[in-house]
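K.L.:
You'll find start-v5.pdb just under this line, and it carries PDB, C-alpha atoms and all ligand atoms.
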ATOM      1  CA  MET A   1       0.000   0.000   0.000
ATOM      2  CA  LYS A   2       1.298   3.396  -0.925
ATOM      3  CA  VAL A   3       1.030   5.851   1.942
ATOM      4  CA  LEU A   4      -0.110   9.270   0.859
ATOM      5  CA  TRP A   5       2.160  11.970   2.129
ATOM      6  CA  ALA A   6      -0.037  14.748   3.442
ATOM      7  CA  PRO A   7       2.238  17.692   4.139
ATOM      8  CA  TRP A   8      -0.587  20.007   5.113
ATOM      9  CA  ARG A   9      -1.164  17.781   8.132
ATOM     10  CA  MET A  10       2.192  18.865   9.494
ATOM     11  CA  GLU A  11       1.589  22.432  10.255
ATOM     12  CA  TYR A  12       4.416  24.115  12.088
ATOM     13  CA  ILE A  13       2.985  27.563  11.942
ATOM     14  CA  THR A  14       1.529  27.713  15.421
ATOM     15  CA  GLU A  15       3.834  30.419  16.621
ATOM     16  CA  SER A  16       2.251  33.818  16.560
ATOM     17  CA  ASN A  17       4.430  36.826  15.828
ATOM     18  CA  GLU A  18       6.322  38.750  18.491
ATOM     19  CA  LYS A  19       3.322  40.829  19.446
ATOM     20  CA  GLY A  20       1.192  37.713  19.788
ATOM     21  CA  GLU A  21      -0.953  38.715  16.839
ATOM     22  CA  CYS A  22      -2.535  36.285  14.414
ATOM     23  CA  ILE A  23      -0.051  35.542  11.598
ATOM     24  CA  PHE A  24      -2.835  35.459   9.006
ATOM     25  CA  CYS A  25      -4.300  38.857   9.859
ATOM     26  CA  PRO A  26      -2.483  41.258   7.514
ATOM     27  CA  GLY A  27      -2.947  44.364   9.701
ATOM     28  CA  ASP A  28      -2.329  47.844   8.314
ATOM     29  CA  ASP A  29       1.451  47.934   8.561
ATOM     30  CA  ARG A  30       2.924  46.788   5.226
ATOM     31  CA  ASP A  31       6.543  47.575   6.258
ATOM     32  CA  HIS A  32       7.063  44.172   7.852
ATOM     33  CA  ASP A  33       5.598  42.059   5.067
ATOM     34  CA  GLU A  34       9.010  40.737   4.056
ATOM     35  CA  LYS A  35       9.853  39.763   7.613
ATOM     36  CA  ARG A  36       6.458  38.068   7.914
ATOM     37  CA  LEU A  37       6.971  36.380   4.515
ATOM     38  CA  ILE A  38       3.763  37.942   3.192
ATOM     39  CA  LEU A  39       3.672  37.748  -0.602
ATOM     40  CA  HIS A  40       0.335  39.345  -1.329
ATOM     41  CA  VAL A  41      -2.393  41.243   0.490
ATOM     42  CA  GLY A  42      -5.525  41.728  -1.571
ATOM     43  CA  GLU A  43      -8.943  43.063  -0.620
ATOM     44  CA  GLN A  44     -10.203  39.614   0.331
ATOM     45  CA  SER A  45      -7.203  37.355   0.764
ATOM     46  CA  ILE A  46      -3.592  37.148   1.863
ATOM     47  CA  VAL A  47      -0.782  34.861   0.645
ATOM     48  CA  LEU A  48       2.255  34.116   2.765
ATOM     49  CA  MET A  49       4.973  31.505   3.045
ATOM     50  CA  ASN A  50       4.922  28.855   5.735
ATOM     51  CA  ARG A  51       7.809  29.743   8.030
ATOM     52  CA  PHE A  52       8.238  26.104   9.038
ATOM     53  CA  PRO A  53       7.648  24.160   5.838
ATOM     54  CA  TYR A  54       8.551  20.575   5.134
ATOM     55  CA  ILE A  55       9.250  21.565   1.604
ATOM     56  CA  ASN A  56      10.407  24.786  -0.002
ATOM     57  CA  GLY A  57       7.661  26.846  -1.625
ATOM     58  CA  HIS A  58       4.935  25.841   0.864
ATOM     59  CA  LEU A  59       2.424  28.707   0.687
ATOM     60  CA  LEU A  60      -0.587  29.622   2.792
ATOM     61  CA  VAL A  61      -3.664  31.378   1.425
ATOM     62  CA  ALA A  62      -6.119  32.897   3.911
ATOM     63  CA  PRO A  63      -8.994  35.355   3.898
ATOM     64  CA  VAL A  64      -8.098  38.832   5.146
ATOM     65  CA  ARG A  65     -10.917  38.506   7.689
ATOM     66  CA  HIS A  66     -10.166  36.592  10.883
ATOM     67  CA  VAL A  67     -12.696  33.756  10.542
ATOM     68  CA  SER A  68     -12.400  30.079  11.420
ATOM     69  CA  ASP A  69     -15.108  28.390   9.371
ATOM     70  CA  LEU A  70     -15.888  27.935   5.702
ATOM     71  CA  ASP A  71     -19.498  28.928   6.272
ATOM     72  CA  ALA A  72     -18.365  32.257   7.721
ATOM     73  CA  LEU A  73     -16.910  33.234   4.348
ATOM     74  CA  THR A  74     -18.838  35.389   1.906
ATOM     75  CA  ASN A  75     -19.167  34.233  -1.707
ATOM     76  CA  GLU A  76     -16.809  37.022  -2.694
ATOM     77  CA  GLU A  77     -14.185  35.750  -0.252
ATOM     78  CA  LYS A  78     -14.604  32.157  -1.419
ATOM     79  CA  LEU A  79     -14.111  33.172  -5.019
ATOM     80  CA  ASP A  80     -11.066  35.273  -4.168
ATOM     81  CA  LEU A  81      -9.502  32.504  -2.045
ATOM     82  CA  VAL A  82      -9.794  29.906  -4.795
ATOM     83  CA  THR A  83      -8.524  32.438  -7.318
ATOM     84  CA  MET A  84      -5.494  33.105  -5.112
ATOM     85  CA  VAL A  85      -4.885  29.354  -4.718
ATOM     86  CA  GLU A  86      -4.980  29.067  -8.510
ATOM     87  CA  ARG A  87      -2.577  32.001  -8.941
ATOM     88  CA  SER A  88      -0.237  30.634  -6.276
ATOM     89  CA  VAL A  89      -0.131  27.314  -8.126
ATOM     90  CA  GLY A  90       0.553  29.219 -11.366
ATOM     91  CA  ILE A  91       3.393  31.276  -9.891
ATOM     92  CA  LEU A  92       4.996  28.298  -8.134
ATOM     93  CA  THR A  93       4.798  26.346 -11.392
ATOM     94  CA  LYS A  94       6.554  29.146 -13.239
ATOM     95  CA  VAL A  95       9.254  29.759 -10.615
ATOM     96  CA  MET A  96       9.911  26.312  -9.132
ATOM     97  CA  ASN A  97       8.673  23.899 -11.790
ATOM     98  CA  PRO A  98       7.169  21.243  -9.474
ATOM     99  CA  GLY A  99       5.633  18.061 -10.844
ATOM    100  CA  GLY A 100       2.389  18.538  -8.913
ATOM    101  CA  PHE A 101       0.707  20.078  -5.885
ATOM    102  CA  ASN A 102      -1.100  19.208  -2.699
ATOM    103  CA  VAL A 103      -3.714  21.787  -1.783
ATOM    104  CA  GLY A 104      -5.223  21.274   1.636
ATOM    105  CA  LEU A 105      -7.408  22.719   4.326
ATOM    106  CA  ASN A 106      -7.195  21.674   7.972
ATOM    107  CA  LEU A 107     -10.391  22.336   9.885
ATOM    108  CA  GLY A 108     -10.025  22.027  13.640
ATOM    109  CA  ASN A 109      -7.196  21.015  15.905
ATOM    110  CA  ILE A 110      -7.770  17.269  15.503
ATOM    111  CA  ALA A 111      -7.232  17.635  11.749
ATOM    112  CA  GLY A 112      -3.895  19.299  12.325
ATOM    113  CA  ALA A 113      -4.790  22.956  12.137
ATOM    114  CA  GLY A 114      -2.049  24.907  13.881
ATOM    115  CA  VAL A 115      -3.956  28.143  13.798
ATOM    116  CA  GLU A 116      -7.592  27.146  14.121
ATOM    117  CA  GLU A 117      -9.027  30.619  14.506
ATOM    118  CA  HIS A 118      -8.063  31.818  11.049
ATOM    119  CA  ILE A 119      -8.914  29.490   8.174
ATOM    120  CA  HIS A 120      -6.188  28.972   5.546
ATOM    121  CA  PHE A 121      -5.343  26.795   2.560
ATOM    122  CA  HIS A 122      -1.992  25.072   2.208
ATOM    123  CA  VAL A 123      -0.460  25.064  -1.252
ATOM    124  CA  VAL A 124       2.410  22.574  -1.321
ATOM    125  CA  PRO A 125       4.512  21.986  -4.434
ATOM    126  CA  ARG A 126       5.631  18.402  -5.032
ATOM    127  CA  TRP A 127       8.545  16.967  -6.919
ATOM    128  CA  GLY A 128       9.183  13.373  -7.919
ATOM    129  CA  GLY A 129      11.102  11.664  -5.123
ATOM    130  CA  ASP A 130      10.561  14.437  -2.588
ATOM    131  CA  THR A 131       9.104  12.030   0.003
ATOM    132  CA  ASN A 132      12.224   9.861  -0.189
ATOM    133  CA  TYR A 133      14.287  12.963   0.221
ATOM    134  CA  MET A 134      12.217  14.002   3.228
ATOM    135  CA  THR A 135      12.538  10.543   4.785
ATOM    136  CA  VAL A 136      16.284  10.697   4.464
ATOM    137  CA  ILE A 137      16.671  14.097   6.033
ATOM    138  CA  GLY A 138      14.050  13.330   8.686
ATOM    139  CA  GLU A 139      13.512  16.240  11.002
ATOM    140  CA  VAL A 140      15.771  18.588   9.111
ATOM    141  CA  ARG A 141      13.638  21.253   7.536
ATOM    142  CA  VAL A 142      14.268  23.809   4.874
ATOM    143  CA  ILE A 143      16.635  26.341   6.349
ATOM    144  CA  PRO A 144      15.435  29.950   6.722
ATOM    145  CA  GLU A 145      17.902  31.289   4.134
ATOM    146  CA  HIS A 146      16.217  29.152   1.524
ATOM    147  CA  ILE A 147      12.810  30.403   2.574
ATOM    148  CA  GLN A 148      13.948  34.021   2.294
ATOM    149  CA  ALA A 149      15.530  33.354  -1.111
ATOM    150  CA  THR A 150      12.365  31.667  -2.345
ATOM    151  CA  TYR A 151      10.319  34.543  -0.950
ATOM    152  CA  LEU A 152      12.342  37.068  -2.955
ATOM    153  CA  LYS A 153      12.020  34.911  -6.063
ATOM    154  CA  LEU A 154       8.234  34.657  -5.748
ATOM    155  CA  LEU A 155       7.557  38.232  -4.635
ATOM    156  CA  PRO A 156       7.781  40.016  -8.024
ATOM    157  CA  PHE A 157       5.232  37.606  -9.467
ATOM    158  CA  PHE A 158       2.776  38.290  -6.650
ATOM    159  CA  LYS A 159       3.459  42.024  -6.868
ATOM    160  CA  SER A 160       2.399  41.999 -10.508
ATOM    161  CA  LEU A 161      -0.968  40.334  -9.765
TER     162      LEU A 161
HETATM  163 ZN    ZN B   1      -6.346  36.190  11.963
END
In structure tokens, what does this structure look like?
Ligand SMILES: [Zn+2]

P.N.:
Amino acid sequence: MKVLWAPWRMEYITESNEKGECIFCPGDDRDHDEKRLILHVGEQSIVLMNRFPYINGHLLVAPVRHVSDLDALTNEEKLDLVTMVERSVGILTKVMNPGGFNVGLNLGNIAGAGVEEHIHFHVVPRWGGDTNYMTVIGEVRVIPEHIQATYLKLLPFFKSL
């Protein structure tokens, strides 16, 4: 039996920022977007990088509004979220050339949601053999320098949205 690797179940994003604020709430201060790894803040949704990914290029797409449930979203927000997931997939494809993607949503703590209060999609690029690679390196995760480099690579594409 082939075990499906479900990277969105491993969500190491539980740490809030220094001020203890929700990492998915964009706030009004855009000066710290790079530090927060925020790639895009639209009217309805925000895209940022997972600070503790199991694979480089792991993005998170959330509504701007701090809501926890799908049924709390307006139709406008739903449309914008799926559009941003689609665009994230498009940009990652262009920049990182993965073979495929896992797109996931964790609802509730039991399902692995690290930040339950603010709903968010995981967009995880996949490459052939990446699970073997991950097994070999075990607990070693992508180092922050790589995340920052990937962030700077992806940013111009999100800026031109
Ligand atoms: Zn929030």

K.L.:
Check which residues satisfy the PyMOL selection byres (((chain A and resi 94) around 12) and not hetatm) in the file shown, then give them as a list in words.

P.N.:
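Matching residues under the PyMOL selection byres (((chain A and resi 94) around 12) and not hetatm) are Gly57, Arg87, Ser88, Val89, Gly90, Ile91, Leu92, Thr93, Val95, Met96, Asn97, Pro98, Gly99, Pro125, Lys153, Leu154, Phe157 and Phe158 of chain A.
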
K.L.:
In terms of the shortest atom-to-atom distance over all atoms listed in the file, which of A:Val124, A:Val64, A:Leu70, A:Val85 is closest to ligand ZN 1 (chain B)?

P.N.:
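Closest to ligand ZN 1 (chain B) of all the choices is A:Val64.
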
K.L.:
Could you check the closest approach to Gly128 in chain A for each of A:Leu79, A:Ile23, A:Gly100, A:Arg36 and tell me which residue wins, using only C-alpha atoms?

P.N.:
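Among the listed residues, the smallest separation from Gly128 in chain A belongs to A:Gly100.
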
K.L.:
Would you please work out which residue, of A:Ser45, A:Gly129, A:Pro53, A:His32, is nearest to Thr74 in chain A when using all atoms listed in the file?

P.N.:
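Nearest to Thr74 in chain A: A:Ser45.
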
K.L.:
Produce as an MDAnalysis selection string the set of residues near ligand ZN 1 (chain B), where near means within 6 Å with all atoms listed in the file considered.

P.N.:
chainID A and resid 22 24:25 66 118

K.L.:
Evaluated on this file, the PyMOL selection byres (((chain A and resi 44) around 9) and not hetatm) picks out some residues - which ones are they, written as a PyMOL selection string?

P.N.:
chain A and resi 41-43+45-46+62-65+76-78+80-81

K.L.:
Is there a way to get, as a PyMOL selection string, all residues within 12 Å of the point (15.2, 34.8, -0.7) in file coordinates, counting only C-alpha atoms?

P.N.:
chain A and resi 34-35+37+39+49+56-57+143-156

K.L.:
First collect every listed atom of range 27-39 of chain A; then fit an axis-aligned box around them, widen it by 4 Å on each side, and give centre and edge lengths in Å to one decimal, as AutoDock Vina command-line options.

P.N.:
--center_x 3.5 --center_y 42.2 --center_z 4.5 --size_x 20.8 --size_y 19.6 --size_z 18.3

K.L.:
Given the file shown, enumerate the residues that the PyMOL selection byres (((chain A and resi 108) around 12) and not hetatm) captures and present them as a list in words.

P.N.:
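Output from the PyMOL selection byres (((chain A and resi 108) around 12) and not hetatm), applied to this file: Arg9, Ser68, Asp69, Leu70, Leu105, Asn106, Leu107, Asn109, Ile110, Ala111, Gly112, Ala113, Gly114, Val115, Glu116, Glu117, His118, Ile119 and His120 of chain A.
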
K.L.:
Find the distance between CA of Asn75 in chain A and CA of His40 in chain A and write it in Å to one decimal.

P.N.:
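Those two atoms sit 20.2 Å apart.
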
K.L.:
Could you jot down the CA of Asp29 in chain A to CA of Val123 in chain A separation for me, Å, one decimal place?

P.N.:
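Pair CA of Asp29 in chain A / CA of Val123 in chain A returns 25.0 Å.
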
K.L.:
Figure out the distance between CA of Phe121 in chain A and CA of Leu59 in chain A, please, to one decimal in Å.

P.N.:
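It comes out at 8.2 Å.
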
K.L.:
Could you check the closest approach to Ile38 in chain A for each of A:His122, A:Trp127, A:Phe52, A:Val61 and tell me which residue wins, using only C-alpha atoms?

P.N.:
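Answer, going by the shortest atom-to-atom distance: A:Val61.
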
K.L.:
For each of A:Ser160, A:Val47, A:Ile55, A:Gly27, take the minimum atom-to-atom distance to Phe101 in chain A, counting all atoms listed in the file, then give the residue where this is smallest.

P.N.:
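Using all atoms listed in the file, Phe101 in chain A sits closest to A:Ile55.
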
K.L.:
A:Gly104, A:Val67, A:Arg51, A:His58: which is nearest Arg126 in chain A, counting all atoms listed in the file?

P.N.:
A:His58
